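For reference, data.cif (mmCIF, N, CA and C atoms):
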data_work
loop_
_atom_site.label_atom_id
_atom_site.label_comp_id
_atom_site.auth_asym_id
_atom_site.auth_seq_id
_atom_site.Cartn_x
_atom_site.Cartn_y
_atom_site.Cartn_z
N MET A 1 -22.18 7.96 73.88
CA MET A 1 -21.52 7.96 72.60
C MET A 1 -22.35 7.13 71.63
N GLN A 2 -22.58 7.70 70.45
CA GLN A 2 -23.30 6.98 69.41
C GLN A 2 -22.33 6.47 68.37
N LEU A 3 -22.52 5.22 67.99
CA LEU A 3 -21.70 4.60 66.94
C LEU A 3 -22.62 4.23 65.79
N ASP A 4 -22.17 4.50 64.57
CA ASP A 4 -23.03 4.18 63.43
C ASP A 4 -22.99 2.68 63.13
N ILE A 5 -24.11 2.19 62.67
CA ILE A 5 -24.29 0.76 62.44
C ILE A 5 -23.34 0.23 61.36
N GLU A 6 -23.05 1.03 60.35
CA GLU A 6 -22.15 0.59 59.29
C GLU A 6 -20.73 0.34 59.80
N SER A 7 -20.27 1.20 60.70
CA SER A 7 -18.94 0.99 61.29
C SER A 7 -18.92 -0.29 62.11
N LEU A 8 -19.99 -0.55 62.84
CA LEU A 8 -20.06 -1.76 63.66
C LEU A 8 -20.14 -3.01 62.78
N ARG A 9 -20.90 -2.95 61.70
CA ARG A 9 -20.96 -4.08 60.76
C ARG A 9 -19.59 -4.35 60.15
N THR A 10 -18.90 -3.28 59.81
CA THR A 10 -17.56 -3.42 59.23
C THR A 10 -16.61 -4.03 60.25
N PHE A 11 -16.68 -3.57 61.48
CA PHE A 11 -15.84 -4.12 62.55
C PHE A 11 -16.10 -5.62 62.71
N LEU A 12 -17.36 -6.02 62.73
CA LEU A 12 -17.69 -7.45 62.86
C LEU A 12 -17.18 -8.25 61.66
N ALA A 13 -17.28 -7.69 60.46
CA ALA A 13 -16.77 -8.40 59.27
C ALA A 13 -15.27 -8.58 59.35
N VAL A 14 -14.57 -7.56 59.83
CA VAL A 14 -13.11 -7.67 59.98
C VAL A 14 -12.78 -8.76 60.98
N LEU A 15 -13.49 -8.81 62.08
CA LEU A 15 -13.25 -9.85 63.08
C LEU A 15 -13.58 -11.24 62.53
N ASP A 16 -14.70 -11.34 61.81
CA ASP A 16 -15.10 -12.64 61.25
C ASP A 16 -14.09 -13.18 60.25
N HIS A 17 -13.51 -12.29 59.45
CA HIS A 17 -12.61 -12.72 58.37
C HIS A 17 -11.14 -12.63 58.73
N GLY A 18 -10.81 -11.91 59.79
CA GLY A 18 -9.43 -11.84 60.23
C GLY A 18 -8.54 -10.88 59.46
N ASN A 19 -9.08 -10.27 58.42
CA ASN A 19 -8.33 -9.23 57.72
C ASN A 19 -9.27 -8.31 56.96
N MET A 20 -8.77 -7.15 56.60
CA MET A 20 -9.61 -6.13 55.99
C MET A 20 -9.94 -6.44 54.53
N THR A 21 -9.04 -7.13 53.85
CA THR A 21 -9.29 -7.44 52.43
C THR A 21 -10.48 -8.36 52.28
N ARG A 22 -10.52 -9.43 53.05
CA ARG A 22 -11.65 -10.37 52.96
C ARG A 22 -12.94 -9.73 53.46
N ALA A 23 -12.83 -8.90 54.50
CA ALA A 23 -14.01 -8.18 54.99
C ALA A 23 -14.54 -7.25 53.90
N ALA A 24 -13.64 -6.57 53.21
CA ALA A 24 -14.03 -5.66 52.14
C ALA A 24 -14.76 -6.41 51.02
N GLU A 25 -14.25 -7.58 50.68
CA GLU A 25 -14.91 -8.39 49.65
C GLU A 25 -16.33 -8.75 50.07
N GLN A 26 -16.50 -9.16 51.31
CA GLN A 26 -17.83 -9.54 51.80
C GLN A 26 -18.78 -8.34 51.81
N LEU A 27 -18.25 -7.17 52.15
CA LEU A 27 -19.08 -5.97 52.27
C LEU A 27 -19.22 -5.21 50.95
N HIS A 28 -18.54 -5.70 49.91
CA HIS A 28 -18.54 -5.03 48.60
C HIS A 28 -18.02 -3.61 48.71
N LEU A 29 -16.91 -3.47 49.43
CA LEU A 29 -16.22 -2.20 49.60
C LEU A 29 -14.77 -2.38 49.21
N SER A 30 -14.06 -1.29 49.04
CA SER A 30 -12.62 -1.39 48.82
C SER A 30 -11.93 -1.62 50.16
N GLN A 31 -10.74 -2.17 50.09
CA GLN A 31 -9.97 -2.40 51.31
C GLN A 31 -9.67 -1.07 52.00
N SER A 32 -9.41 -0.04 51.23
CA SER A 32 -9.11 1.27 51.83
C SER A 32 -10.34 1.85 52.53
N ALA A 33 -11.53 1.60 52.01
CA ALA A 33 -12.75 2.08 52.67
C ALA A 33 -12.93 1.39 54.02
N VAL A 34 -12.66 0.10 54.07
CA VAL A 34 -12.75 -0.64 55.33
C VAL A 34 -11.71 -0.11 56.32
N SER A 35 -10.50 0.10 55.86
CA SER A 35 -9.44 0.64 56.72
C SER A 35 -9.84 2.00 57.29
N ARG A 36 -10.39 2.87 56.45
CA ARG A 36 -10.82 4.19 56.92
C ARG A 36 -11.93 4.08 57.95
N LYS A 37 -12.88 3.19 57.72
CA LYS A 37 -13.98 3.00 58.69
C LYS A 37 -13.44 2.52 60.03
N MET A 38 -12.47 1.61 59.99
CA MET A 38 -11.90 1.12 61.25
C MET A 38 -11.12 2.21 61.97
N LEU A 39 -10.38 3.00 61.22
CA LEU A 39 -9.63 4.10 61.82
C LEU A 39 -10.57 5.11 62.46
N ARG A 40 -11.65 5.48 61.76
CA ARG A 40 -12.61 6.43 62.32
C ARG A 40 -13.30 5.86 63.56
N LEU A 41 -13.63 4.57 63.54
CA LEU A 41 -14.25 3.96 64.71
C LEU A 41 -13.31 3.99 65.91
N GLU A 42 -12.06 3.65 65.69
CA GLU A 42 -11.08 3.70 66.77
C GLU A 42 -10.88 5.13 67.28
N GLN A 43 -10.88 6.10 66.38
CA GLN A 43 -10.76 7.49 66.79
C GLN A 43 -11.97 7.94 67.60
N ARG A 44 -13.15 7.54 67.18
CA ARG A 44 -14.38 7.91 67.89
C ARG A 44 -14.39 7.32 69.30
N ILE A 45 -13.96 6.08 69.42
CA ILE A 45 -13.93 5.41 70.72
C ILE A 45 -12.75 5.90 71.55
N GLY A 46 -11.68 6.28 70.86
CA GLY A 46 -10.51 6.77 71.56
C GLY A 46 -9.56 5.69 72.04
N ARG A 47 -9.71 4.50 71.48
CA ARG A 47 -8.86 3.36 71.85
C ARG A 47 -8.68 2.44 70.64
N PRO A 48 -7.56 1.75 70.58
CA PRO A 48 -7.40 0.78 69.50
C PRO A 48 -8.33 -0.41 69.71
N LEU A 49 -8.92 -0.88 68.64
CA LEU A 49 -9.84 -2.02 68.71
C LEU A 49 -9.25 -3.27 68.08
N LEU A 50 -8.20 -3.09 67.28
CA LEU A 50 -7.60 -4.21 66.56
C LEU A 50 -6.10 -4.24 66.77
N VAL A 51 -5.58 -5.45 66.92
CA VAL A 51 -4.14 -5.68 66.93
C VAL A 51 -3.78 -6.07 65.51
N ARG A 52 -2.94 -5.27 64.89
CA ARG A 52 -2.53 -5.53 63.51
C ARG A 52 -1.22 -6.32 63.54
N ASP A 53 -1.29 -7.55 63.04
CA ASP A 53 -0.13 -8.44 63.05
C ASP A 53 0.09 -8.95 61.63
N GLY A 54 0.88 -8.19 60.86
CA GLY A 54 1.08 -8.56 59.47
C GLY A 54 -0.22 -8.38 58.71
N HIS A 55 -0.70 -9.46 58.10
CA HIS A 55 -1.95 -9.40 57.34
C HIS A 55 -3.15 -9.85 58.15
N SER A 56 -2.93 -10.30 59.38
CA SER A 56 -4.06 -10.75 60.18
C SER A 56 -4.37 -9.72 61.27
N LEU A 57 -5.60 -9.75 61.70
CA LEU A 57 -6.07 -8.83 62.73
C LEU A 57 -6.78 -9.61 63.82
N ARG A 58 -6.66 -9.13 65.02
CA ARG A 58 -7.42 -9.73 66.12
C ARG A 58 -7.84 -8.59 67.04
N PRO A 59 -8.88 -8.79 67.80
CA PRO A 59 -9.39 -7.71 68.64
C PRO A 59 -8.49 -7.45 69.85
N THR A 60 -8.39 -6.20 70.25
CA THR A 60 -7.76 -5.86 71.52
C THR A 60 -8.78 -6.19 72.61
N ARG A 61 -8.40 -5.97 73.84
CA ARG A 61 -9.34 -6.18 74.95
C ARG A 61 -10.57 -5.28 74.76
N ASP A 62 -10.34 -4.03 74.35
CA ASP A 62 -11.45 -3.11 74.10
C ASP A 62 -12.29 -3.58 72.91
N GLY A 63 -11.64 -4.14 71.90
CA GLY A 63 -12.35 -4.68 70.76
C GLY A 63 -13.24 -5.84 71.16
N ASN A 64 -12.76 -6.70 72.03
CA ASN A 64 -13.59 -7.80 72.55
C ASN A 64 -14.77 -7.28 73.33
N THR A 65 -14.54 -6.24 74.11
CA THR A 65 -15.62 -5.66 74.91
C THR A 65 -16.70 -5.06 74.02
N LEU A 66 -16.25 -4.38 72.97
CA LEU A 66 -17.22 -3.78 72.04
C LEU A 66 -18.04 -4.85 71.36
#
Could you rewrite the structure in this file as structure tokens?
Amino acid sequence: MQLDIESLRTFLAVLDHGNMTRAAEQLHLSQSAVSRKMLRLEQRIGRPLLVRDGHSLRPTRDGNTL
């Protein structure tokens, strides 16, 4: 399986910042663009990578492995 580097960078920014809004600011993207990238990455992998808890996010076990 090939994963694009932009999706992986976005995933790391979300993990570093704990939410998609701050990750979007760092990446100079809209929050919705970051959300779409995360959704596509999870669909490509076929597993959830993030636990969504209100406004904060943390990696699932698969997210930690990735």
Using the chain letters and numbers from the file, give me the residues hit by the PyMOL selection byres (((chain A and resi 22-33 and name CA) around 12) and name CA), as a count of residues only.
25
Secondary structure check, strand (DSSP E or B) residues of chain A, as an MDAnalysis selection string
chainID A and resid 50:53 56:59
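You will find atom N of Gly63 in chain A at 10.2 Å from atom C of Leu41 in chain A.
Rounded to one decimal, atom C of Asp4 in chain A and atom N of Pro59 in chain A lie 18.8 Å from each other.
Our summary of the geometry notes that CA of Gly54 in chain A is positioned 27.2 Å from CA of Ile5 in chain A.
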Carefully work through the PyMOL selection byres ((chain A and resi 48) around 6.5) for this structure and note down the residues it includes, as a PyMOL selection string.
chain A and resi 42+46-47+49-51+60+62-63
All alpha helix (DSSP H) residues (DSSP, backbone) inside chain A, as a ChimeraX atom specification
/A:5-17,20-27,31-45,61-65
Missing atoms in range 14-33 of chain A: fill them in up to N, CA, C and O atoms and send the result as a CSV table (one decimal), keeping the file's coordinate frame.
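Saved result, rebuild.csv, follows:
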chain,number,residue,atom,x,y,z
A,14,VAL,N,-14.6,-7.6,59.8
A,14,VAL,CA,-13.1,-7.7,60.0
A,14,VAL,C,-12.8,-8.8,61.0
A,14,VAL,O,-11.9,-9.6,60.8
A,15,LEU,N,-13.5,-8.8,62.1
A,15,LEU,CA,-13.2,-9.8,63.1
A,15,LEU,C,-13.6,-11.2,62.5
A,15,LEU,O,-12.8,-12.2,62.8
A,16,ASP,N,-14.7,-11.3,61.8
A,16,ASP,CA,-15.1,-12.6,61.2
A,16,ASP,C,-14.1,-13.2,60.2
A,16,ASP,O,-13.8,-14.4,60.2
A,17,HIS,N,-13.5,-12.3,59.4
A,17,HIS,CA,-12.6,-12.7,58.4
A,17,HIS,C,-11.1,-12.6,58.7
A,17,HIS,O,-10.3,-13.2,58.0
A,18,GLY,N,-10.8,-11.9,59.8
A,18,GLY,CA,-9.4,-11.8,60.2
A,18,GLY,C,-8.5,-10.9,59.5
A,18,GLY,O,-7.4,-10.7,59.8
A,19,ASN,N,-9.1,-10.3,58.4
A,19,ASN,CA,-8.3,-9.2,57.7
A,19,ASN,C,-9.3,-8.3,57.0
A,19,ASN,O,-10.4,-8.7,56.7
A,20,MET,N,-8.8,-7.2,56.6
A,20,MET,CA,-9.6,-6.1,56.0
A,20,MET,C,-9.9,-6.4,54.5
A,20,MET,O,-11.0,-6.1,54.1
A,21,THR,N,-9.0,-7.1,53.8
A,21,THR,CA,-9.3,-7.4,52.4
A,21,THR,C,-10.5,-8.4,52.3
A,21,THR,O,-11.4,-8.1,51.5
A,22,ARG,N,-10.5,-9.4,53.0
A,22,ARG,CA,-11.6,-10.4,53.0
A,22,ARG,C,-12.9,-9.7,53.5
A,22,ARG,O,-14.0,-10.0,52.9
A,23,ALA,N,-12.8,-8.9,54.5
A,23,ALA,CA,-14.0,-8.2,55.0
A,23,ALA,C,-14.5,-7.2,53.9
A,23,ALA,O,-15.7,-7.2,53.7
A,24,ALA,N,-13.6,-6.6,53.2
A,24,ALA,CA,-14.0,-5.7,52.1
A,24,ALA,C,-14.8,-6.4,51.0
A,24,ALA,O,-15.8,-5.9,50.5
A,25,GLU,N,-14.2,-7.6,50.7
A,25,GLU,CA,-14.9,-8.4,49.6
A,25,GLU,C,-16.3,-8.8,50.1
A,25,GLU,O,-17.3,-8.7,49.3
A,26,GLN,N,-16.5,-9.2,51.3
A,26,GLN,CA,-17.8,-9.5,51.8
A,26,GLN,C,-18.8,-8.3,51.8
A,26,GLN,O,-20.0,-8.5,51.5
A,27,LEU,N,-18.2,-7.2,52.2
A,27,LEU,CA,-19.1,-6.0,52.3
A,27,LEU,C,-19.2,-5.2,51.0
A,27,LEU,O,-19.9,-4.2,50.9
A,28,HIS,N,-18.5,-5.7,49.9
A,28,HIS,CA,-18.5,-5.0,48.6
A,28,HIS,C,-18.0,-3.6,48.7
A,28,HIS,O,-18.6,-2.7,48.2
A,29,LEU,N,-16.9,-3.5,49.4
A,29,LEU,CA,-16.2,-2.2,49.6
A,29,LEU,C,-14.8,-2.4,49.2
A,29,LEU,O,-14.3,-3.5,49.1
A,30,SER,N,-14.1,-1.3,49.0
A,30,SER,CA,-12.6,-1.4,48.8
A,30,SER,C,-11.9,-1.6,50.2
A,30,SER,O,-12.5,-1.3,51.2
A,31,GLN,N,-10.7,-2.2,50.1
A,31,GLN,CA,-10.0,-2.4,51.3
A,31,GLN,C,-9.7,-1.1,52.0
A,31,GLN,O,-9.7,-1.0,53.2
A,32,SER,N,-9.4,0.0,51.2
A,32,SER,CA,-9.1,1.3,51.8
A,32,SER,C,-10.3,1.8,52.5
A,32,SER,O,-10.2,2.5,53.6
A,33,ALA,N,-11.5,1.6,52.0
A,33,ALA,CA,-12.8,2.1,52.7
A,33,ALA,C,-12.9,1.4,54.0
A,33,ALA,O,-13.3,2.0,55.0
